[in-house]
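Worksheet for the structure shown next.
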Amino acid sequence: MFKLLQLALRIRVTITYCVLATAGTIALGQVDRHDRWHVLHEASTNLHNLSDGHLATLVTSVFLTEGRVNWLWLASVALLFAVAEWLSGWRRFLLTFSAGHLGATALVAAGLLVGIHADWLADSLEMAVDVGVSYAAAAVAGSMIRYLPKPARSLWAALWIGVVFVGAVSDPSFTAAGHAIALTIGFGLGAMYLRKDASALSHKRIGATSTDRVQPSPQLSTLV
């Protein structure tokens with residue numbers, strides 16, 4: 001029982017997210033199609049909501065799924081999150097999750113704003129439903145380069161770049177751009193974590209070496 005509690009505490013953010021996302025998904029499945037669309041629209045991080053100051057959508061949107069629920073996808077995301085939080089710690093995991101979701105959402109919204117006002121994009125995109133955790137998942141996946149052995153980092157990065165590219169080709173939309181942005185944010189954070197941890201380890205080694213050098217020899221200790 002104690003070991004299970006330790007495990008739960010180590011992946012506390014993932015468990016909290018999974019519980020809330022599952023509850024939201026089940027609740028959304030209990031309402032009719034019209035009400036479901038209304039809920040998704042109100043919780044969406046589309047340009048219309050953000051322009052009107054509905055910033056709460058930045059939180060609510062991440063717990064909902066548009067269309068038919070893909071439980072295999074949600075389970076895969078939960079596994080990715082659990083591994084990432086286990087390796088990185090909840091603070092770093094939460095930072096990556098938030099940076100990916102908020103950063104990609106903000107940049108996509110800015111791009112849509114410019115594109116719509118310049119008549120490059122359809123006005124209907126301002127009201128498009130945009131919910132889900134895929135931006136955060138892309139960022140978390142990208143940040144995992146920090147916790148992989150050096151030979152595997154390039155392969156991991158290439159894999160996810162390929163996934164995002166294939167997704168963009170099969171479904172060219174603003175969400176595809178958001179996934180690319182979020183993955184880039186994740187890569188950047190992974191590189192930052194790598195440098196930070198290497199620097200901390202280097203300082204620790206230097207401190208240990210300095211401490212060893214100032215330790216008096218046994219002969220001097222006996223003379224004092």
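Convention: chains lettered A, B, ... in structure tokens order; per-chain residue numbering from 1; ligands numbered from 1 as shown.
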For this session: Would you list the contacts of Trp90 (chain A) as a ChimeraX atom specification, taking every protein, DNA or RNA residue within 10 Å and counting only C-alpha atoms, but skipping same-chain residues closer than 5 positions in sequence?
Result: /A:9-14,82,84-85,95-96
For this session: May I have the residues within 10 Å of region 109-123 of chain A as a PyMOL selection string, using only C-alpha atoms and disregarding those fewer than 4 positions away in the same chain?
Result: chain A and resi 45-48+50-51+103-105+127-128+174+177-178
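Closest approach to His41 (chain A) among A:Thr60, A:Ala23, A:Ser170, A:Val163 is made by A:Thr60 (distances from only C-alpha atoms).
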Can I get the residues of region 72-111 of chain A within 10 Å of region 129-143 of chain A, each with the closest pair of atoms and their distance in Å to one decimal, using only C-alpha atoms, sorted chain first then ascending number, as a Markdown table?
```
| residue | atom | partner | partner_atom | distance |
| --- | --- | --- | --- | --- |
| A:Trp73 | CA | A:Ser134 | CA | 9.9 |
| A:Leu74 | CA | A:Val133 | CA | 9.2 |
| A:Ser76 | CA | A:Ala137 | CA | 9.9 |
| A:Val77 | CA | A:Ala137 | CA | 6.7 |
| A:Ala78 | CA | A:Ala137 | CA | 9.3 |
| A:Leu80 | CA | A:Ala141 | CA | 7.4 |
| A:Phe81 | CA | A:Val140 | CA | 7.3 |
| A:Ala84 | CA | A:Val140 | CA | 7.1 |
| A:Glu85 | CA | A:Val140 | CA | 9.3 |
| A:Ser88 | CA | A:Ser143 | CA | 9.6 |
| A:Arg92 | CA | A:Ser143 | CA | 9.9 |
| A:Phe93 | CA | A:Val140 | CA | 7.4 |
| A:Leu94 | CA | A:Val140 | CA | 9.3 |
| A:Leu95 | CA | A:Val140 | CA | 9.5 |
| A:Thr96 | CA | A:Val140 | CA | 6.0 |
| A:Phe97 | CA | A:Ala136 | CA | 4.8 |
| A:Ser98 | CA | A:Ala136 | CA | 6.7 |
| A:Ala99 | CA | A:Ala136 | CA | 7.6 |
| A:Gly100 | CA | A:Ala136 | CA | 4.7 |
| A:His101 | CA | A:Ala136 | CA | 4.5 |
| A:Leu102 | CA | A:Ala136 | CA | 8.2 |
| A:Gly103 | CA | A:Tyr135 | CA | 8.8 |
| A:Ala104 | CA | A:Tyr135 | CA | 6.6 |
| A:Thr105 | CA | A:Tyr135 | CA | 7.8 |
```
Would you put the residues from that selection into a file with N, CA and C atoms, as a PDB file, in the first residue's frame?
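Below is the file that was written, part-v6.pdb:
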```pdb
ATOM      1  N   TRP A  73      -5.999   6.278 -27.797  1.00  0.00           N
ATOM      2  CA  TRP A  73      -5.200   7.503 -27.847  1.00  0.00           C
ATOM      3  C   TRP A  73      -5.024   8.082 -26.443  1.00  0.00           C
ATOM      4  N   LEU A  74      -6.107   8.146 -25.688  1.00  0.00           N
ATOM      5  CA  LEU A  74      -6.018   8.690 -24.340  1.00  0.00           C
ATOM      6  C   LEU A  74      -5.123   7.833 -23.444  1.00  0.00           C
ATOM      7  N   SER A  76      -2.597   6.019 -24.486  1.00  0.00           N
ATOM      8  CA  SER A  76      -1.220   6.253 -24.940  1.00  0.00           C
ATOM      9  C   SER A  76      -0.677   7.558 -24.369  1.00  0.00           C
ATOM     10  N   VAL A  77      -1.521   8.582 -24.364  1.00  0.00           N
ATOM     11  CA  VAL A  77      -1.120   9.871 -23.792  1.00  0.00           C
ATOM     12  C   VAL A  77      -0.856   9.727 -22.293  1.00  0.00           C
ATOM     13  N   ALA A  78      -1.716   8.993 -21.596  1.00  0.00           N
ATOM     14  CA  ALA A  78      -1.529   8.775 -20.161  1.00  0.00           C
ATOM     15  C   ALA A  78      -0.206   8.070 -19.882  1.00  0.00           C
ATOM     16  N   LEU A  80       2.509   8.093 -21.841  1.00  0.00           N
ATOM     17  CA  LEU A  80       3.572   9.061 -22.123  1.00  0.00           C
ATOM     18  C   LEU A  80       3.747  10.019 -20.959  1.00  0.00           C
ATOM     19  N   PHE A  81       2.644  10.549 -20.451  1.00  0.00           N
ATOM     20  CA  PHE A  81       2.706  11.496 -19.339  1.00  0.00           C
ATOM     21  C   PHE A  81       3.281  10.845 -18.078  1.00  0.00           C
ATOM     22  N   ALA A  84       7.026  10.380 -18.500  1.00  0.00           N
ATOM     23  CA  ALA A  84       7.702  11.679 -18.478  1.00  0.00           C
ATOM     24  C   ALA A  84       7.748  12.267 -17.074  1.00  0.00           C
ATOM     25  N   GLU A  85       6.631  12.195 -16.357  1.00  0.00           N
ATOM     26  CA  GLU A  85       6.609  12.745 -15.003  1.00  0.00           C
ATOM     27  C   GLU A  85       7.480  11.925 -14.056  1.00  0.00           C
ATOM     28  N   SER A  88      11.116  13.005 -14.988  1.00  0.00           N
ATOM     29  CA  SER A  88      11.483  14.420 -14.872  1.00  0.00           C
ATOM     30  C   SER A  88      11.060  15.073 -13.567  1.00  0.00           C
ATOM     31  N   ARG A  92       8.853  19.856 -13.380  1.00  0.00           N
ATOM     32  CA  ARG A  92       9.356  19.986 -14.750  1.00  0.00           C
ATOM     33  C   ARG A  92       8.324  19.479 -15.747  1.00  0.00           C
ATOM     34  N   PHE A  93       7.638  18.406 -15.401  1.00  0.00           N
ATOM     35  CA  PHE A  93       6.599  17.873 -16.279  1.00  0.00           C
ATOM     36  C   PHE A  93       5.478  18.889 -16.464  1.00  0.00           C
ATOM     37  N   LEU A  94       5.028  19.495 -15.369  1.00  0.00           N
ATOM     38  CA  LEU A  94       3.943  20.469 -15.435  1.00  0.00           C
ATOM     39  C   LEU A  94       4.359  21.696 -16.242  1.00  0.00           C
ATOM     40  N   LEU A  95       5.616  22.104 -16.100  1.00  0.00           N
ATOM     41  CA  LEU A  95       6.127  23.232 -16.876  1.00  0.00           C
ATOM     42  C   LEU A  95       6.087  22.920 -18.371  1.00  0.00           C
ATOM     43  N   THR A  96       6.535  21.721 -18.740  1.00  0.00           N
ATOM     44  CA  THR A  96       6.542  21.322 -20.149  1.00  0.00           C
ATOM     45  C   THR A  96       5.124  21.218 -20.687  1.00  0.00           C
ATOM     46  N   PHE A  97       4.253  20.583 -19.935  1.00  0.00           N
ATOM     47  CA  PHE A  97       2.839  20.441 -20.300  1.00  0.00           C
ATOM     48  C   PHE A  97       2.223  21.811 -20.569  1.00  0.00           C
ATOM     49  N   SER A  98       2.407  22.730 -19.630  1.00  0.00           N
ATOM     50  CA  SER A  98       1.797  24.057 -19.738  1.00  0.00           C
ATOM     51  C   SER A  98       2.404  24.869 -20.881  1.00  0.00           C
ATOM     52  N   ALA A  99       3.728  24.806 -21.009  1.00  0.00           N
ATOM     53  CA  ALA A  99       4.393  25.569 -22.068  1.00  0.00           C
ATOM     54  C   ALA A  99       3.950  25.094 -23.447  1.00  0.00           C
ATOM     55  N   GLY A 100       3.826  23.786 -23.612  1.00  0.00           N
ATOM     56  CA  GLY A 100       3.393  23.250 -24.892  1.00  0.00           C
ATOM     57  C   GLY A 100       1.964  23.647 -25.215  1.00  0.00           C
ATOM     58  N   HIS A 101       1.075  23.467 -24.257  1.00  0.00           N
ATOM     59  CA  HIS A 101      -0.337  23.766 -24.484  1.00  0.00           C
ATOM     60  C   HIS A 101      -0.580  25.263 -24.673  1.00  0.00           C
ATOM     61  N   LEU A 102      -0.069  26.073 -23.748  1.00  0.00           N
ATOM     62  CA  LEU A 102      -0.321  27.505 -23.807  1.00  0.00           C
ATOM     63  C   LEU A 102       0.462  28.176 -24.932  1.00  0.00           C
ATOM     64  N   GLY A 103       1.722  27.765 -25.093  1.00  0.00           N
ATOM     65  CA  GLY A 103       2.553  28.382 -26.122  1.00  0.00           C
ATOM     66  C   GLY A 103       2.025  28.119 -27.517  1.00  0.00           C
ATOM     67  N   ALA A 104       1.709  26.869 -27.810  1.00  0.00           N
ATOM     68  CA  ALA A 104       1.195  26.527 -29.137  1.00  0.00           C
ATOM     69  C   ALA A 104      -0.164  27.173 -29.373  1.00  0.00           C
ATOM     70  N   THR A 105      -1.019  27.181 -28.359  1.00  0.00           N
ATOM     71  CA  THR A 105      -2.348  27.792 -28.495  1.00  0.00           C
ATOM     72  C   THR A 105      -2.236  29.275 -28.806  1.00  0.00           C
TER      73      THR A 105
END
```
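When only C-alpha atoms are used to compute distances to Ala182 (chain A), the closest of the residues A:His34, A:Ala21, A:Val108, A:Val83 turns out to be A:Val108.
Closest to Leu79 (chain A) among A:Leu55, A:Ile15, A:Val31, A:Val39 is A:Ile15, based on only C-alpha atoms.
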For this session: DSSP on the backbone, then: every residue of region 19-158 of chain A marked alpha helix (DSSP H), written as a PyMOL selection string.
Result: chain A and resi 19-29+33-43+47-51+57-60+71-88+90-117+134-143+150-158
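Between Ile145 (chain A) and the candidates A:Val164, A:Val62, A:Ala191, A:Ala180, the tightest atom-to-atom separation, counting only C-alpha atoms, involves A:Ala191.
The space separating CA of Phe165 (chain A) from CA of Leu183 (chain A) comes to 11.2 Å.
In this model, the gap between CA of Ala157 (chain A) and CA of Met144 (chain A) comes to 9.1 Å.
Computed from the coordinates, the CA of Gly162 (chain A) to CA of Ile185 (chain A) distance equals 16.2 Å.
Using only C-alpha atoms, the nearest neighbour of Trp71 (chain A) within the list A:Leu5, A:Ala43, A:Ile26, A:Ala56 is A:Ile26.
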